[in-house]
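Single-structure report; data block below.
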Amino acid sequence: MTDVSSRYLTLGKQLDALLDKDLPYISNLANFSALLWLELEEINWVGCYLADKAKKQLFLGPFQGKPACTSIQVGKGVCGSAFAQQQTFRVENVHEFPGHIACDSASESEIVVPLYLNGELFGVVDIDSPRLNRFELSDQIGIEYLVKVLENKLSDVHF
């Protein structure tokens, strides 16, 4: 992972040490959110939205920040779009994103990364910032790396 900055590599080591595959996945997602909340600058929300495939919705999982939307329809907003298209969305200005769902009016930019557990699309990791253009390509590479650390650690966890 030569493209991952040393800062994110260090966070990956911290994350790997923090996560415990013997705990329920929800406990690990809570600590994942807490670590990113503490270590990433200029963010105002970080957390997970988890899939309810029967209802074609994402529901609020562990997070840090202000109270948030509790469900998001797949394909709607940044989170629902990232989930539906199974790709990272890095949005420089959320007010210009068609159908953006504003949970916190202070949010200006956002990054959403799909989350897989045991090879199955499971949800998304969502991070908001009160600053426009907060997330650069290097942040995207780093956050995707951290999500991979999470996925690898939880690869044997059963739901």
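For the structure tokens, the naming scheme is as follows: chains receive sequential letters (A, B, ...) according to their order of presentation, residues are indexed from 1 within each chain, and ligands are indexed from 1 in presentation order.
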
### All strand (DSSP E or B) positions in chain A, as a ChimeraX atom specification
/A:45-52,57-65,71-73,89-91,109-117,120-129

Once DSSP has gone over the backbone, tell me which residues of stretch 19-158 of chain A are in alpha helix (DSSP H), as a compact mmCIF listing (two decimals) with N, CA, C and O atoms, in the first residue's frame.
```
# COMPACT_ATOMS: atom_id res chain seq x y z
N TYR A 25 -19.90 -7.57 15.80
CA TYR A 25 -19.49 -6.57 14.81
C TYR A 25 -19.90 -5.17 15.23
O TYR A 25 -19.19 -4.20 14.97
N ILE A 26 -21.03 -5.02 15.91
CA ILE A 26 -21.53 -3.70 16.30
C ILE A 26 -20.56 -3.01 17.26
O ILE A 26 -20.35 -1.80 17.19
N SER A 27 -19.92 -3.78 18.15
CA SER A 27 -18.93 -3.22 19.07
C SER A 27 -17.71 -2.72 18.31
O SER A 27 -17.16 -1.66 18.61
N ASN A 28 -17.29 -3.48 17.32
CA ASN A 28 -16.14 -3.08 16.51
C ASN A 28 -16.45 -1.86 15.66
O ASN A 28 -15.60 -0.97 15.50
N LEU A 29 -17.64 -1.78 15.11
CA LEU A 29 -18.02 -0.60 14.33
C LEU A 29 -18.08 0.64 15.22
O LEU A 29 -17.71 1.74 14.78
N ALA A 30 -18.49 0.47 16.46
CA ALA A 30 -18.52 1.59 17.40
C ALA A 30 -17.10 2.11 17.66
O ALA A 30 -16.86 3.32 17.64
N ASN A 31 -16.16 1.21 17.91
CA ASN A 31 -14.79 1.64 18.14
C ASN A 31 -14.13 2.19 16.88
O ASN A 31 -13.32 3.11 16.95
N PHE A 32 -14.47 1.65 15.73
CA PHE A 32 -13.99 2.19 14.46
C PHE A 32 -14.42 3.65 14.31
O PHE A 32 -13.61 4.53 14.03
N SER A 33 -15.70 3.91 14.55
CA SER A 33 -16.22 5.29 14.45
C SER A 33 -15.55 6.20 15.47
O SER A 33 -15.19 7.34 15.15
N ALA A 34 -15.38 5.71 16.68
CA ALA A 34 -14.77 6.53 17.73
C ALA A 34 -13.32 6.88 17.40
O ALA A 34 -12.89 8.02 17.60
N LEU A 35 -12.56 5.93 16.87
CA LEU A 35 -11.17 6.20 16.52
C LEU A 35 -11.08 7.26 15.42
O LEU A 35 -10.29 8.21 15.53
N LEU A 36 -11.89 7.13 14.39
CA LEU A 36 -11.85 8.12 13.32
C LEU A 36 -12.29 9.49 13.83
O LEU A 36 -11.72 10.52 13.46
N TRP A 37 -13.29 9.51 14.71
CA TRP A 37 -13.77 10.77 15.29
C TRP A 37 -12.63 11.48 16.04
O TRP A 37 -12.47 12.69 15.95
N LEU A 38 -11.86 10.71 16.76
CA LEU A 38 -10.76 11.29 17.54
C LEU A 38 -9.56 11.71 16.69
O LEU A 38 -8.88 12.68 17.01
N GLU A 39 -9.29 10.99 15.63
CA GLU A 39 -8.03 11.16 14.90
C GLU A 39 -8.12 11.98 13.61
O GLU A 39 -7.10 12.47 13.14
N GLY A 77 -29.47 10.16 -1.81
CA GLY A 77 -28.43 10.87 -1.08
C GLY A 77 -27.05 10.30 -1.38
O GLY A 77 -26.91 9.40 -2.22
N VAL A 78 -26.05 10.80 -0.70
CA VAL A 78 -24.69 10.33 -0.93
C VAL A 78 -24.52 8.90 -0.44
O VAL A 78 -23.98 8.05 -1.15
N CYS A 79 -25.01 8.60 0.76
CA CYS A 79 -24.86 7.25 1.31
C CYS A 79 -25.59 6.21 0.48
O CYS A 79 -25.04 5.16 0.14
N GLY A 80 -26.85 6.48 0.17
CA GLY A 80 -27.63 5.53 -0.61
C GLY A 80 -27.09 5.32 -2.01
O GLY A 80 -27.13 4.22 -2.55
N SER A 81 -26.53 6.40 -2.60
CA SER A 81 -25.93 6.29 -3.94
C SER A 81 -24.64 5.49 -3.91
O SER A 81 -24.42 4.64 -4.78
N ALA A 82 -23.79 5.75 -2.92
CA ALA A 82 -22.54 5.00 -2.79
C ALA A 82 -22.83 3.51 -2.60
O ALA A 82 -22.14 2.65 -3.16
N PHE A 83 -23.85 3.20 -1.79
CA PHE A 83 -24.22 1.81 -1.57
C PHE A 83 -24.74 1.17 -2.86
O PHE A 83 -24.30 0.09 -3.25
N ALA A 84 -25.65 1.85 -3.54
CA ALA A 84 -26.26 1.31 -4.75
C ALA A 84 -25.23 1.09 -5.85
O ALA A 84 -25.28 0.10 -6.57
N GLN A 85 -24.26 2.01 -5.96
CA GLN A 85 -23.25 1.92 -7.02
C GLN A 85 -22.00 1.18 -6.57
O GLN A 85 -21.07 0.98 -7.35
N LEU A 137 -7.92 13.24 -2.55
CA LEU A 137 -7.70 11.87 -3.03
C LEU A 137 -6.89 11.08 -2.00
O LEU A 137 -7.17 9.91 -1.75
N SER A 138 -5.90 11.71 -1.37
CA SER A 138 -5.09 11.01 -0.37
C SER A 138 -5.95 10.57 0.82
O SER A 138 -5.71 9.50 1.40
N ASP A 139 -6.95 11.36 1.19
CA ASP A 139 -7.88 10.96 2.25
C ASP A 139 -8.73 9.79 1.79
O ASP A 139 -8.97 8.86 2.56
N GLN A 140 -9.19 9.84 0.56
CA GLN A 140 -9.99 8.73 0.03
C GLN A 140 -9.20 7.44 0.08
O GLN A 140 -9.70 6.41 0.55
N ILE A 141 -7.96 7.47 -0.39
CA ILE A 141 -7.11 6.28 -0.37
C ILE A 141 -6.91 5.80 1.07
O ILE A 141 -7.01 4.61 1.36
N GLY A 142 -6.66 6.74 1.98
CA GLY A 142 -6.44 6.39 3.38
C GLY A 142 -7.67 5.83 4.06
O GLY A 142 -7.61 4.83 4.79
N ILE A 143 -8.82 6.44 3.82
CA ILE A 143 -10.06 5.97 4.45
C ILE A 143 -10.47 4.62 3.87
O ILE A 143 -10.91 3.72 4.60
N GLU A 144 -10.30 4.44 2.57
CA GLU A 144 -10.57 3.12 1.97
C GLU A 144 -9.65 2.07 2.58
O GLU A 144 -10.08 0.93 2.82
N TYR A 145 -8.41 2.42 2.86
CA TYR A 145 -7.47 1.52 3.51
C TYR A 145 -7.98 1.14 4.91
O TYR A 145 -7.97 -0.04 5.28
N LEU A 146 -8.43 2.13 5.68
CA LEU A 146 -8.94 1.86 7.02
C LEU A 146 -10.18 0.96 6.97
O LEU A 146 -10.33 0.06 7.81
N VAL A 147 -11.03 1.17 5.99
CA VAL A 147 -12.21 0.31 5.84
C VAL A 147 -11.76 -1.12 5.51
O VAL A 147 -12.33 -2.08 6.03
N LYS A 148 -10.72 -1.29 4.71
CA LYS A 148 -10.18 -2.63 4.41
C LYS A 148 -9.63 -3.29 5.67
O LYS A 148 -9.81 -4.49 5.88
N VAL A 149 -8.95 -2.50 6.52
CA VAL A 149 -8.45 -3.04 7.80
C VAL A 149 -9.65 -3.56 8.61
O VAL A 149 -9.60 -4.67 9.15
N LEU A 150 -10.71 -2.77 8.67
CA LEU A 150 -11.93 -3.18 9.38
C LEU A 150 -12.51 -4.45 8.78
O LEU A 150 -12.80 -5.41 9.49
N GLU A 151 -12.65 -4.47 7.47
CA GLU A 151 -13.23 -5.63 6.80
C GLU A 151 -12.39 -6.89 7.03
O GLU A 151 -12.94 -7.97 7.30
N ASN A 152 -11.09 -6.76 6.93
CA ASN A 152 -10.20 -7.92 7.14
C ASN A 152 -10.27 -8.44 8.56
O ASN A 152 -10.27 -9.65 8.79
N LYS A 153 -10.34 -7.55 9.51
CA LYS A 153 -10.39 -7.96 10.91
C LYS A 153 -11.71 -8.67 11.23
O LYS A 153 -11.75 -9.58 12.05
```

### Task
Name all residues at most 10 Å from A:Ala68 (count only C-alpha atoms; drop same-chain ones fewer than 5 positions away) and give them as a list in words.
Trp45, Gly47, Leu60, Gly61, Phe63, Ala102, Cys103 and Asp104 of chain A

### Task
Record the distance separating atom CA of A:Arg134 and atom CA of A:Ala51, expressed in Å with one decimal.
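It comes out at 26.5 Å.
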